[in-house]
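**Student:** I am sharing entry-v9.cif, which consists of mmCIF, C-alpha atoms:
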```cif
data_start
loop_
_atom_site.group_PDB
_atom_site.id
_atom_site.type_symbol
_atom_site.label_atom_id
_atom_site.label_comp_id
_atom_site.auth_asym_id
_atom_site.auth_seq_id
_atom_site.Cartn_x
_atom_site.Cartn_y
_atom_site.Cartn_z
ATOM 1 C CA MET N 604 77.233 55.723 86.193
ATOM 2 C CA HIS N 605 80.584 56.113 87.944
ATOM 3 C CA LYS N 606 80.666 59.798 87.002
ATOM 4 C CA LEU N 607 77.226 60.331 88.575
ATOM 5 C CA ILE N 608 78.282 58.594 91.789
ATOM 6 C CA ARG N 609 81.512 60.607 91.906
ATOM 7 C CA THR N 610 79.601 63.879 91.376
ATOM 8 C CA LEU N 611 77.053 63.032 94.063
ATOM 9 C CA GLY N 612 79.837 62.012 96.435
ATOM 10 C CA SER N 613 81.667 65.288 95.859
ATOM 11 C CA ALA N 614 78.465 67.258 96.431
ATOM 12 C CA MET N 615 77.760 65.376 99.682
ATOM 13 C CA LEU N 616 81.314 65.985 100.887
ATOM 14 C CA ALA N 617 81.070 69.700 100.086
ATOM 15 C CA LEU N 618 77.736 70.005 101.919
ATOM 16 C CA SER N 619 79.026 68.167 104.958
ATOM 17 C CA LEU N 620 82.110 70.395 105.151
ATOM 18 C CA ALA N 621 79.986 73.512 104.818
ATOM 19 C CA GLY N 622 77.739 72.309 107.615
ATOM 20 C CA CYS N 623 80.655 71.658 109.955
ATOM 21 C CA GLY N 624 81.715 75.282 110.032
ATOM 22 C CA LEU N 625 84.988 74.610 108.257
ATOM 23 C CA VAL N 626 84.153 77.212 105.663
ATOM 24 C CA TYR N 627 85.763 80.544 106.558
ATOM 25 C CA VAL N 628 83.324 83.378 107.212
ATOM 26 C CA PRO N 629 85.074 86.763 107.406
ATOM 27 C CA ASN N 630 84.191 89.735 109.548
ATOM 28 C CA VAL N 631 82.178 92.238 107.517
ATOM 29 C CA GLN N 632 82.354 95.983 108.160
ATOM 30 C CA GLN N 633 80.537 98.415 105.906
ATOM 31 C CA GLY N 634 79.608 102.052 105.854
ATOM 32 C CA ASN N 635 81.131 105.070 107.571
ATOM 33 C CA PHE N 636 83.462 104.229 110.429
ATOM 34 C CA LEU N 637 83.919 107.349 112.452
ATOM 35 C CA ASP N 638 86.888 108.135 114.621
ATOM 36 C CA LYS N 639 86.161 109.351 118.143
ATOM 37 C CA LYS N 640 88.610 112.255 117.841
ATOM 38 C CA ASP N 641 86.771 113.482 114.721
ATOM 39 C CA VAL N 642 83.354 113.211 116.379
ATOM 40 C CA ASP N 643 84.677 115.064 119.445
ATOM 41 C CA GLN N 644 85.726 117.975 117.188
ATOM 42 C CA LEU N 645 82.156 118.519 115.965
ATOM 43 C CA LYS N 646 80.752 121.736 117.400
ATOM 44 C CA PRO N 647 77.401 123.438 116.897
ATOM 45 C CA GLY N 648 77.815 126.315 114.450
ATOM 46 C CA MET N 649 80.144 124.500 112.041
ATOM 47 C CA THR N 650 79.272 124.822 108.373
ATOM 48 C CA LYS N 651 78.408 121.847 106.171
ATOM 49 C CA HIS N 652 81.714 122.256 104.362
ATOM 50 C CA GLN N 653 83.678 122.098 107.642
ATOM 51 C CA VAL N 654 81.774 118.975 108.684
ATOM 52 C CA LEU N 655 82.335 117.420 105.260
ATOM 53 C CA VAL N 656 86.099 118.003 105.500
ATOM 54 C CA LEU N 657 86.227 116.599 109.044
ATOM 55 C CA MET N 658 83.877 113.615 108.766
ATOM 56 C CA GLY N 659 83.709 112.804 105.067
ATOM 57 C CA SER N 660 80.551 112.437 103.058
ATOM 58 C CA PRO N 661 77.539 110.837 104.746
ATOM 59 C CA SER N 662 76.409 107.405 103.627
ATOM 60 C CA VAL N 663 72.741 108.473 103.590
ATOM 61 C CA HIS N 664 71.815 111.863 102.196
ATOM 62 C CA THR N 665 68.134 112.276 101.400
ATOM 63 C CA PRO N 666 67.188 114.731 98.679
ATOM 64 C CA PHE N 667 63.950 115.541 100.514
ATOM 65 C CA ASN N 668 65.635 116.665 103.741
ATOM 66 C CA ASP N 669 68.829 118.600 103.008
ATOM 67 C CA SER N 670 69.270 119.497 106.684
ATOM 68 C CA ARG N 671 69.937 115.916 107.861
ATOM 69 C CA TRP N 672 73.019 113.784 107.267
ATOM 70 C CA ASP N 673 73.184 110.161 108.404
ATOM 71 C CA TYR N 674 76.410 108.225 108.859
ATOM 72 C CA VAL N 675 75.478 104.533 108.917
ATOM 73 C CA SER N 676 77.797 101.621 109.654
ATOM 74 C CA THR N 677 77.281 97.906 110.071
ATOM 75 C CA GLN N 678 79.447 95.203 111.598
ATOM 76 C CA GLN N 679 79.016 91.465 111.468
ATOM 77 C CA HIS N 680 81.429 89.203 113.332
ATOM 78 C CA ARG N 681 81.932 85.853 111.544
ATOM 79 C CA GLY N 682 78.368 85.409 110.368
ATOM 80 C CA GLY N 683 76.841 86.507 113.682
ATOM 81 C CA PRO N 684 74.158 89.130 114.167
ATOM 82 C CA ILE N 685 74.511 92.401 112.278
ATOM 83 C CA LYS N 686 75.065 95.490 114.428
ATOM 84 C CA ILE N 687 73.740 98.673 112.808
ATOM 85 C CA ARG N 688 74.827 102.061 114.116
ATOM 86 C CA THR N 689 73.717 105.479 112.929
ATOM 87 C CA PHE N 690 75.085 108.903 113.704
ATOM 88 C CA THR N 691 72.831 111.769 112.628
ATOM 89 C CA LEU N 692 73.827 115.385 112.075
ATOM 90 C CA THR N 693 71.127 118.048 111.846
ATOM 91 C CA PHE N 694 71.736 121.380 110.130
ATOM 92 C CA ASN N 695 69.812 124.637 110.057
ATOM 93 C CA ASN N 696 70.695 127.005 107.174
ATOM 94 C CA ASP N 697 73.965 125.121 106.464
ATOM 95 C CA THR N 698 74.996 125.304 110.124
ATOM 96 C CA LEU N 699 75.345 122.296 112.434
ATOM 97 C CA VAL N 700 72.836 122.451 115.285
ATOM 98 C CA ARG N 701 72.643 118.908 116.688
ATOM 99 C CA THR N 702 74.349 115.525 116.708
ATOM 100 C CA GLU N 703 72.688 112.339 117.880
ATOM 101 C CA GLY N 704 73.117 108.597 117.722
ATOM 102 C CA ASP N 705 75.996 106.252 118.241
ATOM 103 C CA PHE N 706 78.966 105.220 116.161
ATOM 104 C CA PHE N 707 81.780 102.698 116.152
ATOM 105 C CA ALA N 708 84.566 104.408 118.017
ATOM 106 C CA GLN N 709 87.717 102.889 116.583
ATOM 107 C CA ASP N 710 89.770 101.860 119.608
ATOM 108 C CA PRO N 711 93.318 101.331 118.314
ATOM 109 C CA GLU N 712 94.266 98.909 121.098
ATOM 110 C CA LYS N 713 91.188 96.760 120.467
ATOM 111 C CA MET N 714 91.836 96.726 116.706
ATOM 112 C CA LEU N 715 95.470 95.693 117.332
ATOM 113 C CA GLU N 716 94.341 92.882 119.627
ATOM 114 C CA GLU N 717 91.845 91.669 117.007
ATOM 115 C CA SER N 718 94.519 91.671 114.294
ATOM 116 C CA LYS N 719 96.917 89.659 116.482
ATOM 117 C CA LYS N 720 94.322 86.881 116.706
ATOM 118 C CA LEU N 721 94.429 86.432 112.950
ATOM 119 C CA HIS N 722 98.173 86.963 112.479
ATOM 120 C CA VAL N 723 100.243 83.886 111.733
ATOM 121 C CA SER N 724 104.007 84.096 111.851
ATOM 122 C CA TYR N 725 105.904 82.333 109.102
ATOM 123 C CA PRO N 726 109.632 82.180 109.849
ATOM 124 C CA VAL N 727 111.666 83.178 106.810
ATOM 125 C CA ASP N 728 115.432 83.002 106.439
ATOM 126 C CA GLU N 729 116.082 85.913 104.108
ATOM 127 C CA THR N 730 119.739 84.965 103.500
ATOM 128 C CA GLN N 731 119.066 81.419 102.364
ATOM 129 C CA GLY N 732 119.235 81.105 98.592
ATOM 130 C CA ASP N 733 120.678 84.547 98.033
ATOM 131 C CA LYS N 734 123.546 83.953 95.607
ATOM 132 C CA SER N 735 124.865 87.498 95.785
ATOM 133 C CA LYS N 736 126.039 86.990 99.414
ATOM 134 C CA ASP N 737 127.947 83.733 98.882
ATOM 135 C CA GLY N 738 130.764 83.796 96.321
ATOM 136 C CA SER N 739 131.079 79.995 96.095
ATOM 137 C CA GLU N 740 127.990 79.554 93.980
ATOM 138 C CA ASP N 741 127.891 80.014 90.220
ATOM 139 C CA ASP N 742 126.861 83.532 89.235
ATOM 140 C CA GLY N 743 125.879 82.489 85.715
ATOM 141 C CA ALA N 744 128.787 84.314 84.034
ATOM 142 C CA THR N 745 130.199 81.166 82.424
ATOM 143 C CA PRO N 746 128.042 79.001 80.194
ATOM 144 C CA PRO N 747 127.243 75.459 81.406
ATOM 145 C CA GLY N 748 129.839 72.868 80.430
ATOM 146 C CA ASP N 749 132.589 75.480 80.033
ATOM 147 C CA SER N 750 135.203 75.515 82.783
ATOM 148 C CA GLY N 751 136.117 79.098 82.060
ATOM 149 C CA THR N 752 139.851 78.296 81.513
ATOM 150 C CA PRO N 753 141.538 78.561 78.047
#
```
Output the structure of this file as structure tokens.
**Tutor:**
Amino acid sequence: MHKLIRTLGSAMLALSLAGCGLVYVPNVQQGNFLDKKDVDQLKPGMTKHQVLVLMGSPSVHTPFNDSRWDYVSTQQHRGGPIKIRTFTLTFNNDTLVRTEGDFFAQDPEKMLEESKKLHVSYPVDETQGDKSKDGSEDDGATPPGDSGTP
């Protein structure tokens, strides 16, 4: 009986903590994240191979339409709404003719600001406990209980 009460109590505590938002929900980013400088280098007339080297492989490549490549990416900030972005490349005879859609331009300053929010500094004294720097501590050369003198 006590085990049942303890189990139910633990389950109630876990549910109440989950409901309070104390459970960590990470940011989720999936798919192709394109860099603005790479997208700016795309020019009509480029071959599929040139685009593949520059942008990487597309996340959606339909076997029924070989002339269309879709780069899809999703972002979800801490369990919020999912943002879906697509960037479509259209080819004609293995040559790029059109680009359309939007993408997540990776702004380095914004990414640095976001990472600073999550960064926690833990002060560490790297010299503390290092026996090689201080000659007064035992280096383990003499066995315990032996004074080292004859």
**Student:** Give me the result of the PyMOL selection byres ((chain N and resi 642-653) around 9) on this file, residue by residue, as a ChimeraX atom specification.
**Tutor:** /N:637-641,654-658,694,696-702
**Student:** Store the residues picked out above, limited to C-alpha atoms, as an mmCIF file, in the coordinates of the input.
**Tutor:**
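As a result, again-v5.cif now contains:
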```cif
data_model
loop_
_atom_site.group_PDB
_atom_site.id
_atom_site.type_symbol
_atom_site.label_atom_id
_atom_site.label_comp_id
_atom_site.auth_asym_id
_atom_site.auth_seq_id
_atom_site.Cartn_x
_atom_site.Cartn_y
_atom_site.Cartn_z
ATOM 1 C CA LEU N 637 83.919 107.349 112.452
ATOM 2 C CA ASP N 638 86.888 108.135 114.621
ATOM 3 C CA LYS N 639 86.161 109.351 118.143
ATOM 4 C CA LYS N 640 88.610 112.255 117.841
ATOM 5 C CA ASP N 641 86.771 113.482 114.721
ATOM 6 C CA VAL N 654 81.774 118.975 108.684
ATOM 7 C CA LEU N 655 82.335 117.420 105.260
ATOM 8 C CA VAL N 656 86.099 118.003 105.500
ATOM 9 C CA LEU N 657 86.227 116.599 109.044
ATOM 10 C CA MET N 658 83.877 113.615 108.766
ATOM 11 C CA PHE N 694 71.736 121.380 110.130
ATOM 12 C CA ASN N 696 70.695 127.005 107.174
ATOM 13 C CA ASP N 697 73.965 125.121 106.464
ATOM 14 C CA THR N 698 74.996 125.304 110.124
ATOM 15 C CA LEU N 699 75.345 122.296 112.434
ATOM 16 C CA VAL N 700 72.836 122.451 115.285
ATOM 17 C CA ARG N 701 72.643 118.908 116.688
ATOM 18 C CA THR N 702 74.349 115.525 116.708
#
```
**Student:** Could you tell me which residues the PyMOL selection byres ((chain N and resi 660-666) around 10) returns for this structure, as JSON, numbers by chain?
**Tutor:** {"N": [634, 635, 652, 654, 655, 656, 657, 658, 659, 667, 668, 669, 670, 671, 672, 673, 674, 675, 676, 689, 690, 691, 692]}
**Student:** How far is it from atom CA of N:Gln678 to atom CA of N:Gln632, in Å with one decimal?
**Tutor:**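 That distance, rounded to one decimal, is 4.6 Å.
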**Student:** What separation in Å, quoted to one decimal, exists between atom CA of N:Met615 and atom CA of N:Gly683?
**Tutor:**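 Calculated distance between atom CA of N:Met615 and atom CA of N:Gly683 is 25.4 Å.
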**Student:** Which of these, N:Leu618, N:Thr693, N:His605, N:Thr677, has the shortest distance to N:Gln633 once you count only C-alpha atoms?
**Tutor:**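 Nearest candidate to N:Gln633 out of N:Leu618, N:Thr693, N:His605, N:Thr677: N:Thr677.
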**Student:** Rounded to one decimal in Å, what is the spacing between atom CA of N:Tyr627 and atom CA of N:Leu607?
**Tutor:**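 Between these atoms lies a distance of 28.4 Å.
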**Student:** Let me make sure I understand: among N:Asn630, N:Thr610, N:Ser619, N:Asn695, which one has the smallest atom-to-atom distance to N:Gly682 if we use only C-alpha atoms?
**Tutor:**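 Among the listed residues, N:Asn630 lies closest to N:Gly682.
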